[in-house]
file model_21.cif (mmCIF, C-alpha atoms)
data_structure
#
loop_
_atom_site.label_atom_id
_atom_site.label_comp_id
_atom_site.auth_asym_id
_atom_site.auth_seq_id
_atom_site.Cartn_x
_atom_site.Cartn_y
_atom_site.Cartn_z
CA MET L 29 -6.03 14.87 -2.81
CA LYS L 30 -2.37 15.88 -2.99
CA ARG L 31 -2.64 17.55 0.40
CA PHE L 32 -4.37 14.50 1.87
CA LEU L 33 -1.59 12.21 0.60
CA ARG L 34 1.00 14.62 1.94
CA TYR L 35 -0.53 14.48 5.41
CA LEU L 36 -0.75 10.69 5.24
CA VAL L 37 2.94 10.47 4.33
CA VAL L 38 3.84 12.88 7.17
CA GLY L 39 1.60 10.84 9.52
CA LEU L 40 3.27 7.57 8.51
CA GLY L 41 6.70 9.15 8.94
CA ILE L 42 5.73 10.31 12.43
CA ILE L 43 4.44 6.85 13.36
CA VAL L 44 7.60 5.12 12.10
CA LEU L 45 9.67 7.65 14.06
CA GLN L 46 7.59 7.05 17.18
CA THR L 47 7.55 3.24 16.99
CA ALA L 48 10.97 2.34 15.58
CA VAL L 49 13.41 5.24 15.94
CA LEU L 50 12.58 6.99 19.23
CA PRO L 51 12.63 3.78 21.37
CA HIS L 52 16.35 3.43 20.52
CA PHE L 53 17.13 6.88 21.89
CA LEU L 54 14.73 7.27 24.81
CA LYS L 55 15.67 5.22 27.84
CA ILE L 56 12.16 5.51 29.29
CA GLN L 57 9.34 3.47 27.78
CA MET L 58 7.19 6.54 27.11
CA ARG L 59 7.38 8.62 23.97
CA PRO L 60 5.85 11.97 22.97
CA ASP L 61 2.57 11.75 21.06
CA LEU L 62 3.73 13.36 17.82
CA LEU L 63 0.52 12.61 15.95
CA LEU L 64 -1.56 14.47 18.53
CA ILE L 65 0.71 17.47 18.13
CA LEU L 66 0.29 17.29 14.34
CA VAL L 67 -3.51 17.11 14.62
CA LEU L 68 -3.55 20.07 17.03
CA TYR L 69 -1.33 22.03 14.68
CA LEU L 70 -3.64 21.28 11.75
CA SER L 71 -6.78 22.11 13.69
CA LEU L 72 -5.77 25.58 14.90
CA PRO L 73 -6.19 27.68 11.74
CA ALA L 74 -9.80 26.73 11.05
CA LEU L 75 -12.46 24.08 11.44
CA SER L 76 -13.35 22.38 8.18
CA CYS L 77 -14.82 19.08 7.01
CA SER L 78 -11.78 18.13 4.95
CA GLY L 79 -9.53 18.90 7.92
CA ALA L 80 -11.73 16.74 10.15
CA PHE L 81 -11.48 13.91 7.60
CA TYR L 82 -7.67 14.21 7.60
CA ALA L 83 -7.62 14.08 11.40
CA TRP L 84 -9.82 10.98 11.42
CA SER L 85 -7.64 9.31 8.74
CA LEU L 86 -4.48 10.08 10.70
CA GLY L 87 -6.09 8.61 13.82
CA CYS L 88 -7.05 5.44 11.93
CA LEU L 89 -3.50 5.21 10.60
CA PHE L 90 -2.27 5.41 14.20
CA ASP L 91 -4.72 2.63 15.15
CA VAL L 92 -2.95 0.23 12.78
CA PHE L 93 0.12 0.48 15.02
CA THR L 94 -1.50 0.61 18.43
CA GLY L 95 -3.93 -1.40 20.54
CA THR L 96 -6.28 -3.99 19.12
CA THR L 97 -9.15 -2.00 17.61
CA LEU L 98 -9.18 0.05 14.41
CA GLY L 99 -11.01 3.37 14.79
CA LEU L 100 -10.37 4.19 18.47
CA TYR L 101 -7.76 6.87 17.85
CA GLY L 102 -9.64 7.81 14.68
CA ILE L 103 -12.64 9.03 16.62
CA VAL L 104 -10.52 10.52 19.41
CA MET L 105 -8.47 12.58 16.92
CA LEU L 106 -11.65 13.61 15.08
CA ILE L 107 -13.27 14.96 18.25
CA ILE L 108 -10.05 16.71 19.31
CA PHE L 109 -9.81 18.30 15.86
CA CYS L 110 -13.42 19.49 15.94
CA VAL L 111 -13.19 20.95 19.45
CA THR L 112 -9.77 22.59 18.93
CA GLY L 113 -10.81 23.87 15.51
CA SER L 114 -13.97 25.52 16.79
CA VAL L 115 -12.27 27.08 19.83
CA GLY L 116 -8.88 27.79 18.25
CA GLN L 117 -10.20 30.09 15.52
CA GLN L 118 -10.03 32.95 18.00
CA PHE L 119 -6.36 32.33 18.71
CA HIS L 120 -3.31 32.99 16.64
CA ARG L 121 -1.46 29.77 15.94
CA ASP L 122 1.91 31.43 15.50
CA ASN L 123 1.71 32.57 19.09
CA TYR L 124 3.75 29.96 20.97
CA MET L 125 1.55 30.12 24.02
CA THR L 126 -1.39 28.97 21.88
CA MET L 127 0.41 25.78 20.87
CA ILE L 128 1.51 25.12 24.47
CA VAL L 129 -2.01 25.62 25.85
CA ALA L 130 -3.49 23.57 22.99
CA THR L 131 -1.02 20.72 23.68
CA THR L 132 -1.78 20.75 27.40
CA LEU L 133 -5.54 20.70 26.88
CA GLY L 134 -5.26 18.31 23.93
CA THR L 135 -3.26 15.75 25.93
CA ILE L 136 -5.73 15.90 28.81
CA ALA L 137 -8.69 15.71 26.41
CA GLN L 138 -7.12 12.75 24.59
CA THR L 139 -6.69 10.89 27.89
CA GLY L 140 -10.28 11.64 28.91
CA LEU L 141 -11.70 10.62 25.54
CA LEU L 142 -9.67 7.39 25.44
CA ILE L 143 -10.89 6.42 28.90
CA PHE L 144 -14.49 7.33 27.99
CA MET L 145 -14.39 5.32 24.74
CA LEU L 146 -12.75 2.30 26.38
CA LEU L 147 -15.14 2.32 29.34
CA CYS L 148 -18.21 2.74 27.13
CA PHE L 149 -17.41 0.41 24.26
CA SER L 150 -14.57 -1.97 25.12
CA ASN L 151 -14.62 -5.03 27.41
CA ASN L 152 -11.21 -4.11 28.81
CA GLY L 153 -11.87 -0.46 29.69
CA GLN L 154 -11.81 -1.19 33.42
CA GLN L 155 -8.29 -2.58 33.14
CA TYR L 156 -6.94 0.24 30.99
CA TRP L 157 -8.19 3.43 32.61
CA LEU L 158 -5.94 3.44 35.68
CA GLU L 159 -2.89 2.73 33.53
CA ILE L 160 -3.77 5.65 31.25
CA VAL L 161 -4.36 8.09 34.13
CA LYS L 162 -1.08 7.09 35.82
CA GLN L 163 0.92 7.95 32.71
CA LEU L 164 -0.79 11.29 32.01
CA PRO L 165 1.67 13.61 33.87
CA LEU L 166 4.76 12.17 32.15
CA GLN L 167 2.96 12.16 28.79
CA LEU L 168 2.09 15.81 29.27
CA VAL L 169 5.68 16.74 30.09
CA LEU L 170 6.98 14.83 27.05
CA ASN L 171 4.43 16.41 24.70
CA LEU L 172 5.17 19.92 25.98
CA ALA L 173 8.93 19.39 25.67
CA THR L 174 8.43 18.17 22.09
CA VAL L 175 6.26 21.17 21.20
CA PHE L 176 8.94 23.44 22.59
CA VAL L 177 11.61 21.74 20.43
CA ILE L 178 9.34 21.95 17.34
CA ILE L 179 8.72 25.65 17.97
CA VAL L 180 12.47 26.29 18.17
CA ILE L 181 13.05 24.32 14.94
CA LEU L 182 10.24 26.16 13.12
CA GLU L 183 11.70 29.45 14.31
CA GLN L 184 15.06 28.47 12.84
CA VAL L 185 13.39 27.41 9.59
CA LYS L 186 11.64 30.78 9.38
CA LYS L 187 14.89 32.61 10.07
CA THR L 188 16.78 30.72 7.35
CA ASN L 189 13.78 31.32 5.07
CA TYR L 190 13.27 27.81 3.77
CA ARG L 191 10.02 28.76 2.08
CA HIS L 192 9.51 25.44 0.38
CA LEU L 193 9.81 23.53 3.67
CA LEU L 194 7.42 25.94 5.35
CA HIS L 195 4.95 25.51 2.49
CA ILE L 196 4.93 21.73 3.11
CA LEU L 197 4.68 21.95 6.89
CA THR L 198 2.22 24.81 7.36
CA PRO L 199 -1.48 24.75 6.55
CA ARG L 200 -2.49 28.24 5.43
CA GLY L 201 -5.84 28.75 7.06
CA LYS L 202 -9.40 28.30 5.96
CA SER L 203 -8.94 28.93 2.27
CA GLN L 204 -6.65 25.98 1.87
CA TRP L 205 -9.08 23.39 3.24
CA HIS L 206 -11.84 24.21 0.73
CA MET Q 23 -35.48 20.66 2.09
CA LEU Q 24 -32.62 21.52 -0.27
CA ASP Q 25 -32.28 24.90 1.37
CA PHE Q 26 -32.08 23.29 4.79
CA LEU Q 27 -29.39 20.87 3.56
CA LYS Q 28 -27.40 23.72 1.99
CA LYS Q 29 -27.71 25.86 5.10
CA HIS Q 30 -26.57 23.10 7.45
CA GLN Q 31 -24.20 21.37 5.01
CA SER Q 32 -21.13 21.61 7.28
CA THR Q 33 -23.00 20.46 10.40
CA ILE Q 34 -24.49 17.48 8.53
CA LEU Q 35 -21.06 16.56 7.16
CA PHE Q 36 -19.49 16.75 10.63
CA ILE Q 37 -22.25 14.64 12.18
CA SER Q 38 -21.97 12.07 9.36
CA LEU Q 39 -18.23 11.88 9.88
CA VAL Q 40 -18.57 11.34 13.64
CA VAL Q 41 -21.32 8.73 13.16
CA GLY Q 42 -19.24 7.01 10.45
CA ALA Q 43 -16.20 6.97 12.75
CA LEU Q 44 -18.29 5.51 15.59
CA LEU Q 45 -19.72 2.83 13.30
CA LEU Q 46 -16.26 1.84 12.11
CA TYR Q 47 -15.04 1.61 15.71
CA SER Q 48 -17.99 -0.47 16.86
CA ASN Q 49 -17.60 -2.76 13.84
CA SER Q 50 -13.87 -3.17 14.59
CA LEU Q 51 -14.69 -4.06 18.19
CA ARG Q 52 -16.68 -7.04 16.94
CA GLN Q 53 -13.91 -8.13 14.56
CA GLN Q 54 -10.82 -7.67 16.70
CA GLN Q 55 -9.49 -11.09 15.75
CA HIS Q 56 -9.26 -10.22 12.06
CA THR Q 57 -6.82 -8.02 10.19
CA THR Q 58 -8.65 -5.70 7.80
CA LEU Q 59 -7.35 -4.98 4.28
CA PHE Q 60 -6.58 -1.40 5.37
CA GLU Q 61 -4.42 -2.66 8.26
CA GLN Q 62 -2.70 -5.23 6.04
CA GLY Q 63 -1.97 -2.58 3.41
CA ILE Q 64 -0.52 -0.07 5.86
CA LEU Q 65 1.57 -2.70 7.68
CA GLN Q 66 2.87 -3.94 4.34
CA LEU Q 67 3.60 -0.40 3.16
CA THR Q 68 5.68 0.47 6.22
CA ASN Q 69 7.47 -2.89 6.38
CA PRO Q 70 10.52 -1.86 4.25
CA PHE Q 71 11.08 1.24 6.42
CA TYR Q 72 10.90 -0.80 9.62
CA ARG Q 73 13.27 -3.40 8.21
CA SER Q 74 15.83 -0.79 7.14
CA ILE Q 75 15.68 0.97 10.52
CA ASN Q 76 16.00 -2.38 12.29
CA THR Q 77 18.99 -3.45 10.16
CA ALA Q 78 20.72 -0.10 10.69
CA SER Q 79 20.12 -0.09 14.44
CA ARG Q 80 21.25 -3.70 14.83
CA SER Q 81 24.47 -3.14 12.92
CA ALA Q 82 25.18 0.00 14.96
CA THR Q 83 24.50 -1.86 18.22
CA GLU Q 84 26.60 -4.82 17.07
CA SER Q 85 29.59 -2.63 16.19
CA TRP Q 86 29.38 -0.86 19.56
CA ASP Q 87 28.96 -4.16 21.42
CA ASN Q 88 31.92 -5.68 19.58
CA TYR Q 89 34.08 -2.79 20.69
CA ILE Q 90 32.83 -2.94 24.30
CA ASN Q 91 33.16 -6.73 24.39
CA LEU Q 92 36.84 -6.57 23.49
CA ILE Q 93 37.56 -4.81 26.78
CA GLY Q 94 36.64 -7.62 29.15
CA VAL Q 95 36.98 -10.54 26.78
CA GLN Q 96 39.67 -12.49 28.68
CA GLN Q 97 37.83 -12.37 32.00
CA GLN Q 98 34.59 -13.28 30.24
CA ASN Q 99 36.30 -16.21 28.54
CA VAL Q 100 37.30 -17.72 31.88
CA GLU Q 101 33.79 -17.24 33.28
CA LEU Q 102 32.16 -18.75 30.20
CA LYS Q 103 34.43 -21.82 30.34
CA GLU Q 104 33.39 -22.34 33.94
CA GLN Q 105 29.70 -21.95 32.98
CA LEU Q 106 30.16 -24.41 30.13
CA ARG Q 107 31.59 -27.01 32.51
CA HIS Q 108 28.57 -26.55 34.81
CA SER Q 109 26.13 -26.74 31.92
CA LYS Q 110 27.73 -29.94 30.59
CA ARG Q 111 27.32 -31.58 33.97
CA GLN Q 112 23.68 -30.42 34.15
CA LEU Q 113 23.06 -31.65 30.61
CA LEU Q 114 24.29 -35.13 31.53
CA ASP Q 115 21.95 -35.19 34.54
CA LEU Q 116 19.05 -33.96 32.40
CA HIS Q 117 19.81 -36.61 29.77
CA GLU Q 118 19.55 -39.25 32.49
CA ILE Q 119 16.23 -37.76 33.69
CA ALA Q 120 14.89 -37.62 30.12
CA GLN Q 121 15.73 -41.31 29.60
CA GLU Q 122 14.02 -42.18 32.86
CA ASN Q 123 11.02 -40.03 31.84
CA ILE Q 124 10.70 -41.88 28.51
CA ARG Q 125 10.83 -45.27 30.30
CA LEU Q 126 8.18 -44.20 32.85
CA ARG Q 127 5.92 -42.71 30.17
CA LYS Q 128 6.06 -45.97 28.26
CA LEU Q 129 5.29 -47.83 31.44
CA LEU Q 130 2.23 -45.65 32.15
CA ASN Q 131 1.22 -45.48 28.47
CA PHE Q 132 1.38 -41.65 28.45
CA LYS Q 133 0.91 -39.76 25.16
CA PRO Q 134 3.99 -37.63 24.38
CA ASN Q 135 3.59 -33.82 24.35
CA GLN Q 136 2.99 -32.49 20.88
CA GLN Q 137 5.95 -30.49 19.60
CA PHE Q 138 5.07 -27.55 17.37
CA PRO Q 139 7.49 -25.85 14.98
CA GLU Q 140 8.81 -22.48 16.13
CA ILE Q 141 9.44 -19.57 13.79
CA PRO Q 142 12.12 -17.08 14.88
CA ALA Q 143 11.26 -13.41 14.31
CA CYS Q 144 12.84 -10.01 14.96
CA VAL Q 145 11.07 -7.26 16.86
CA ILE Q 146 11.02 -4.25 14.50
CA ALA Q 147 8.73 -1.79 16.30
CA VAL Q 148 6.93 -1.10 19.55
CA ASP Q 149 3.39 0.20 20.12
CA ALA Q 150 2.71 3.69 18.78
CA SER Q 151 0.94 4.79 21.97
CA ASN Q 152 2.10 4.56 25.56
CA TRP Q 153 -1.01 2.87 26.96
CA PHE Q 154 -1.19 -0.33 24.95
CA ARG Q 155 1.47 -3.05 25.01
CA THR Q 156 2.08 -4.43 21.53
CA ILE Q 157 5.14 -5.05 19.37
CA THR Q 158 5.62 -5.61 15.64
CA ILE Q 159 7.67 -8.51 14.24
CA ASP Q 160 9.13 -9.08 10.78
CA LYS Q 161 7.24 -12.29 9.95
CA GLY Q 162 3.73 -12.55 8.55
CA THR Q 163 1.29 -14.68 6.60
CA THR Q 164 3.96 -15.60 4.01
CA ASP Q 165 5.74 -17.42 6.87
CA ASN Q 166 2.45 -19.17 7.74
CA LEU Q 167 1.64 -16.92 10.68
CA GLN Q 168 -1.96 -16.13 11.57
CA GLU Q 169 -3.89 -14.36 14.32
CA GLY Q 170 -3.92 -16.06 17.73
CA LEU Q 171 -0.55 -17.84 17.70
CA PRO Q 172 1.54 -17.95 20.91
CA VAL Q 173 4.81 -16.01 20.98
CA VAL Q 174 7.58 -16.96 23.42
CA VAL Q 175 11.26 -16.49 24.24
CA THR Q 176 13.51 -18.86 26.18
CA GLU Q 177 12.63 -17.10 29.47
CA GLY Q 178 8.84 -17.44 29.07
CA ILE Q 179 5.72 -16.21 27.31
CA VAL Q 180 5.69 -12.96 25.34
CA GLY Q 181 2.12 -12.76 23.99
CA ARG Q 182 0.03 -13.72 20.99
CA THR Q 183 -0.32 -12.55 17.40
CA ILE Q 184 -3.29 -10.22 16.85
CA LYS Q 185 -2.80 -8.74 13.38
CA CYS Q 186 -0.96 -10.33 10.46
CA SER Q 187 -0.04 -8.89 7.08
CA ALA Q 188 2.13 -10.56 4.42
CA ASN Q 189 5.51 -9.75 6.01
CA THR Q 190 4.63 -8.17 9.35
CA SER Q 191 2.64 -9.20 12.42
CA ARG Q 192 1.62 -7.43 15.59
CA ILE Q 193 1.87 -9.15 18.97
CA LEU Q 194 -0.30 -8.35 22.00
CA LEU Q 195 2.10 -8.63 24.94
CA ALA Q 196 1.12 -10.57 28.06
CA THR Q 197 1.46 -7.32 30.04
CA ASP Q 198 -1.31 -5.56 28.07
CA ALA Q 199 -4.55 -5.05 30.00
CA ALA Q 200 -6.46 -6.92 27.28
CA SER Q 201 -4.28 -10.02 27.70
CA GLU Q 202 -5.46 -13.05 29.71
CA VAL Q 203 -3.64 -16.37 30.04
CA ALA Q 204 -4.83 -19.55 31.77
CA ALA Q 205 -2.11 -20.33 34.31
CA LEU Q 206 -1.15 -22.49 37.28
CA ILE Q 207 1.27 -22.18 40.17
CA GLN Q 208 4.01 -24.70 39.51
CA HIS Q 209 4.50 -26.20 42.97
CA ASN Q 210 0.87 -26.71 44.10
CA ARG Q 211 -0.93 -26.66 40.71
CA THR Q 212 -3.37 -23.87 41.76
CA ARG Q 213 -5.25 -22.69 38.69
CA GLY Q 214 -6.12 -19.11 37.80
CA ILE Q 215 -5.99 -16.39 35.15
CA VAL Q 216 -2.94 -14.19 34.59
CA ARG Q 217 -3.85 -10.66 33.46
CA GLY Q 218 -1.64 -7.86 32.19
CA ARG Q 219 -1.31 -4.71 34.30
CA GLY Q 220 1.07 -2.52 32.32
CA GLY Q 221 4.55 -3.45 33.51
CA LYS Q 222 3.26 -6.14 35.88
CA LEU Q 223 1.01 -9.19 35.85
CA THR Q 224 -1.66 -10.36 38.27
CA PHE Q 225 -2.81 -13.90 38.98
CA ASP Q 226 -6.57 -13.83 39.67
CA TYR Q 227 -8.96 -16.48 41.00
CA ALA Q 228 -6.38 -18.34 43.10
CA LEU Q 229 -8.34 -19.98 45.93
CA ARG Q 230 -7.76 -18.22 49.23
CA LYS Q 231 -7.08 -21.42 51.13
CA LYS Q 232 -4.23 -22.47 48.79
CA ASP Q 233 -0.77 -22.16 50.25
CA VAL Q 234 1.12 -19.69 48.07
CA GLN Q 235 4.59 -18.28 48.72
CA ILE Q 236 6.42 -15.28 47.35
CA GLY Q 237 8.90 -16.57 44.79
CA ASP Q 238 6.68 -19.36 43.45
CA MET Q 239 6.81 -19.84 39.70
CA VAL Q 240 3.64 -19.45 37.62
CA VAL Q 241 3.43 -21.32 34.31
CA THR Q 242 0.88 -21.64 31.50
CA ALA Q 243 -1.90 -24.16 32.17
CA GLY Q 244 -2.38 -25.13 28.54
CA THR Q 245 -6.16 -24.86 28.86
CA GLY Q 246 -6.70 -21.44 27.28
CA GLY Q 247 -6.37 -22.75 23.74
CA ILE Q 248 -3.41 -20.55 22.82
CA PHE Q 249 -0.33 -21.35 24.91
CA PRO Q 250 1.08 -24.87 25.32
CA LYS Q 251 1.38 -26.14 28.91
CA GLY Q 252 4.32 -25.37 31.18
CA ILE Q 253 5.79 -22.18 29.72
CA PRO Q 254 7.03 -19.81 32.50
CA ILE Q 255 4.99 -16.62 32.94
CA GLY Q 256 6.27 -14.96 36.09
CA ILE Q 257 7.32 -15.20 39.73
CA ILE Q 258 4.97 -14.26 42.59
CA SER Q 259 6.15 -10.97 44.07
CA ASN Q 260 3.20 -9.97 46.26
CA ILE Q 261 0.17 -11.67 47.80
CA ILE Q 262 -3.04 -9.68 48.33
CA LYS Q 263 -5.49 -11.46 50.64
CA PRO Q 264 -8.69 -9.46 51.22
CA ASP Q 265 -10.42 -9.75 54.61
CA TYR Q 266 -13.14 -11.88 53.12
CA GLY Q 267 -13.89 -13.58 49.80
CA LEU Q 268 -13.10 -16.83 48.06
CA PHE Q 269 -10.00 -15.75 46.20
CA GLN Q 270 -6.63 -14.09 46.70
CA THR Q 271 -4.86 -11.92 44.13
CA LEU Q 272 -1.19 -12.48 43.42
CA GLU Q 273 1.13 -9.98 41.78
CA LEU Q 274 3.74 -11.42 39.45
CA THR Q 275 7.04 -10.18 38.13
CA PRO Q 276 7.23 -11.34 34.51
CA CYS Q 277 10.01 -13.80 33.61
CA VAL Q 278 10.58 -11.87 30.39
CA ASP Q 279 12.03 -8.36 30.28
CA PHE Q 280 9.53 -6.83 27.86
CA SER Q 281 11.53 -3.63 27.45
CA ARG Q 282 14.46 -5.52 25.95
CA LEU Q 283 12.75 -7.84 23.50
CA GLU Q 284 14.74 -8.25 20.29
CA ASP Q 285 14.06 -11.76 18.98
CA VAL Q 286 11.03 -13.95 19.65
CA LEU Q 287 9.72 -17.38 18.65
CA VAL Q 288 6.23 -17.85 17.23
CA ILE Q 289 4.84 -21.30 17.99
CA GLN Q 290 3.05 -22.54 14.91
CA GLN Q 291 0.05 -24.46 16.20
CA ASN Q 292 -2.65 -25.71 13.87
CA LYS Q 293 -5.53 -23.27 14.45
CA GLN Q 294 -8.85 -24.48 13.21
#
call {"tool": "encode", "arguments": {"input": "model_21.cif", "output": "structure tokens"}}
result
Amino acid sequence: MKRFLRYLVVGLGIIVLQTAVLPHFLKIQMRPDLLLILVLYLSLPALSCSGAFYAWSLGCLFDVFTGTTLGLYGIVMLIIFCVTGSVGQQFHRDNYMTMIVATTLGTIAQTGLLIFMLLCFSNNGQQYWLEIVKQLPLQLVLNLATVFVIIVILEQVKKTNYRHLLHILTPRGKSQWH
Amino acid sequence: MLDFLKKHQSTILFISLVVGALLLYSNSLRQQQHTTLFEQGILQLTNPFYRSINTASRSATESWDNYINLIGVQQQNVELKEQLRHSKRQLLDLHEIAQENIRLRKLLNFKPNQQFPEIPACVIAVDASNWFRTITIDKGTTDNLQEGLPVVVTEGIVGRTIKCSANTSRILLATDAASEVAALIQHNRTRGIVRGRGGKLTFDYALRKKDVQIGDMVVTAGTGGIFPKGIPIGIISNIIKPDYGLFQTLELTPCVDFSRLEDVLVIQQNKQ
């Protein structure tokens, strides 16, 4: 429960950052998808039901601040978590290339899933899909740049040995989820 | 049976979660016009953070602007005085026209346009994703806001309220792909539907035979049930006439700069 609340607080912080703080600093209208990066980061150590529930909850939280329908990002994040979790077990998360590949594939998968969900279930899918596809390249660049910055920051944190901060930020593999 | 459940416990849990998520999404699709308790709670919870960030950013911008403004203040003063003189002259003319309008309306027994109260609100956040076009304002149900109210600025329409909590509301911008507004071209009264296309707008269902020019103003028709009549929407920037068909499609440049929205007005109509 504590861990769940912790992730919700981190998720809310990320959303506030993305919706109210970043627009003041970024001149372009697009922003990196920080929540997707968080979900990818959480999904890499292991696939678990509690982890999937966290990913779905974070997606639903995101839905409160985007679009018109609750649950769209919830299901998208849940599927991304499940797929990344089942594939990512074979990869080492601390390897930077893993995070970069995961972010690239995750961003593309998110775009595909959003388009699929909107076309299948929403009345306005036809109007949205082109808009979403057009913005994919820039979104990908922004997400990758953000991951790079996060990796550098985490590296600095590790170097300065802020164990407490690392304990908060890092999920410790399968054992922790159960 | 129990053995089977134990063996496939994780798979069953995953499938239940996915089915549950799908059910929630499909249920939300049917109730898009309502704000759920979960949404209200989260919006309410984050409201103080948004307000503090907004206050801090506004004071920082104000201080910077004050400093920058000092540089060209004398030149600006002269220009503003000239503008004021112009505006005063225009105001006198408009006053004359308004008087004439009142006289003619009386003569024709016209009913006056209903004036609705407007609630000023500050934009405190933008949409969390890059695909949808929504903003969050600092007024909610405690200020008598509800879902489906029109939101405008002096330049034209902004959108409509879609989710309301006690102190926060979310606005679907006119540029969002889910947004549709009943509209008409000001000079020849051609009717159609204005749809959002990301940064742009399109005017659909304009009859092909109607004479339309680039630069024509498009305003709200007042027939959609949300926006009052005559509010500017955009200016025609491109005309797409297919080789055959009944209609032509017009591309519009919005009157409002949606990337620089800071303060908006919510028109408080009585929604039944």
call {"tool": "resolve_selection", "arguments": {"input": "model_21.cif", "expression": "the PyMOL selection byres ((chain Q and resi 152) around 9)", "output": "short mmCIF file (atom, residue, chain, number, x, y, z; two decimals) with C-alpha atoms, in the coordinates of the input"}}
result
data_model
loop_
_atom_site.label_atom_id
_atom_site.label_comp_id
_atom_site.auth_asym_id
_atom_site.auth_seq_id
_atom_site.Cartn_x
_atom_site.Cartn_y
_atom_site.Cartn_z
CA GLN L 57 9.34 3.47 27.78
CA MET L 58 7.19 6.54 27.11
CA ARG L 59 7.38 8.62 23.97
CA PRO L 60 5.85 11.97 22.97
CA ASP L 61 2.57 11.75 21.06
CA THR L 94 -1.50 0.61 18.43
CA ILE L 160 -3.77 5.65 31.25
CA GLN L 163 0.92 7.95 32.71
CA GLN L 167 2.96 12.16 28.79
CA ASP Q 149 3.39 0.20 20.12
CA ALA Q 150 2.71 3.69 18.78
CA SER Q 151 0.94 4.79 21.97
CA TRP Q 153 -1.01 2.87 26.96
CA PHE Q 154 -1.19 -0.33 24.95
CA ARG Q 155 1.47 -3.05 25.01
#
call {"tool": "interface_residues", "arguments": {"input": "model_21.cif", "of": "chain L", "to": "chain Q", "cutoff": "8 Å", "atoms": "all atoms listed in the file", "output": "number ranges by chain"}}
result
L: 40, 43-44, 46-49, 51-52, 57-59, 61, 76-77, 80-81, 84, 89-90, 92-100, 102-103, 106-107, 149-150, 152, 155-156, 159-160, 163
call {"tool": "residues_around", "arguments": {"input": "model_21.cif", "residues": "Lys263 in chain Q", "least_positions_apart": "3", "cutoff": "12 Å", "atoms": "all atoms listed in the file", "output": "list in words"}}
result
Asp226, Tyr227, Ala228, Leu229, Arg230, Lys231, Lys232, Asp233, Val234, Asn260, Tyr266, Gly267, Leu268, Phe269, Gln270, Thr271, Leu272 and Glu273 of chain Q
call {"tool": "write_last_selection", "arguments": {"input": "model_21.cif", "atoms": "C-alpha atoms", "output": "CSV table (one decimal), keeping the file's coordinate frame"}}
result
chain,number,residue,atom,x,y,z
Q,226,ASP,CA,-6.6,-13.8,39.7
Q,227,TYR,CA,-9.0,-16.5,41.0
Q,228,ALA,CA,-6.4,-18.3,43.1
Q,229,LEU,CA,-8.3,-20.0,45.9
Q,230,ARG,CA,-7.8,-18.2,49.2
Q,231,LYS,CA,-7.1,-21.4,51.1
Q,232,LYS,CA,-4.2,-22.5,48.8
Q,233,ASP,CA,-0.8,-22.2,50.2
Q,234,VAL,CA,1.1,-19.7,48.1
Q,260,ASN,CA,3.2,-10.0,46.3
Q,266,TYR,CA,-13.1,-11.9,53.1
Q,267,GLY,CA,-13.9,-13.6,49.8
Q,268,LEU,CA,-13.1,-16.8,48.1
Q,269,PHE,CA,-10.0,-15.8,46.2
Q,270,GLN,CA,-6.6,-14.1,46.7
Q,271,THR,CA,-4.9,-11.9,44.1
Q,272,LEU,CA,-1.2,-12.5,43.4
Q,273,GLU,CA,1.1,-10.0,41.8
call {"tool": "resolve_selection", "arguments": {"input": "model_21.cif", "expression": "the PyMOL selection byres ((chain L and resi 109-125) around 9)", "output": "mmCIF file with C-alpha atoms, keeping the file's coordinate frame"}}
result
data_model
loop_
_atom_site.group_PDB
_atom_site.id
_atom_site.type_symbol
_atom_site.label_atom_id
_atom_site.label_comp_id
_atom_site.auth_asym_id
_atom_site.auth_seq_id
_atom_site.Cartn_x
_atom_site.Cartn_y
_atom_site.Cartn_z
ATOM 1 C CA VAL L 67 -3.510 17.110 14.620
ATOM 2 C CA LEU L 68 -3.550 20.070 17.030
ATOM 3 C CA TYR L 69 -1.330 22.030 14.680
ATOM 4 C CA LEU L 70 -3.640 21.280 11.750
ATOM 5 C CA SER L 71 -6.780 22.110 13.690
ATOM 6 C CA LEU L 72 -5.770 25.580 14.900
ATOM 7 C CA PRO L 73 -6.190 27.680 11.740
ATOM 8 C CA ALA L 74 -9.800 26.730 11.050
ATOM 9 C CA LEU L 75 -12.460 24.080 11.440
ATOM 10 C CA SER L 76 -13.350 22.380 8.180
ATOM 11 C CA GLY L 79 -9.530 18.900 7.920
ATOM 12 C CA ALA L 80 -11.730 16.740 10.150
ATOM 13 C CA ALA L 83 -7.620 14.080 11.400
ATOM 14 C CA TRP L 84 -9.820 10.980 11.420
ATOM 15 C CA VAL L 104 -10.520 10.520 19.410
ATOM 16 C CA MET L 105 -8.470 12.580 16.920
ATOM 17 C CA LEU L 106 -11.650 13.610 15.080
ATOM 18 C CA ILE L 107 -13.270 14.960 18.250
ATOM 19 C CA ILE L 108 -10.050 16.710 19.310
ATOM 20 C CA THR L 126 -1.390 28.970 21.880
ATOM 21 C CA MET L 127 0.410 25.780 20.870
ATOM 22 C CA ILE L 128 1.510 25.120 24.470
ATOM 23 C CA VAL L 129 -2.010 25.620 25.850
ATOM 24 C CA ALA L 130 -3.490 23.570 22.990
ATOM 25 C CA GLY L 134 -5.260 18.310 23.930
ATOM 26 C CA PHE L 176 8.940 23.440 22.590
ATOM 27 C CA ILE L 179 8.720 25.650 17.970
ATOM 28 C CA PHE Q 36 -19.490 16.750 10.630
#
call {"tool": "residues_near_point", "arguments": {"input": "model_21.cif", "point": "(10.0, -21.7, 29.4)", "cutoff": "10 Å", "atoms": "only C-alpha atoms", "output": "JSON, numbers by chain"}}
result
{"Q": [174, 175, 176, 177, 178, 179, 241, 242, 251, 252, 253, 254, 255, 277, 278]}
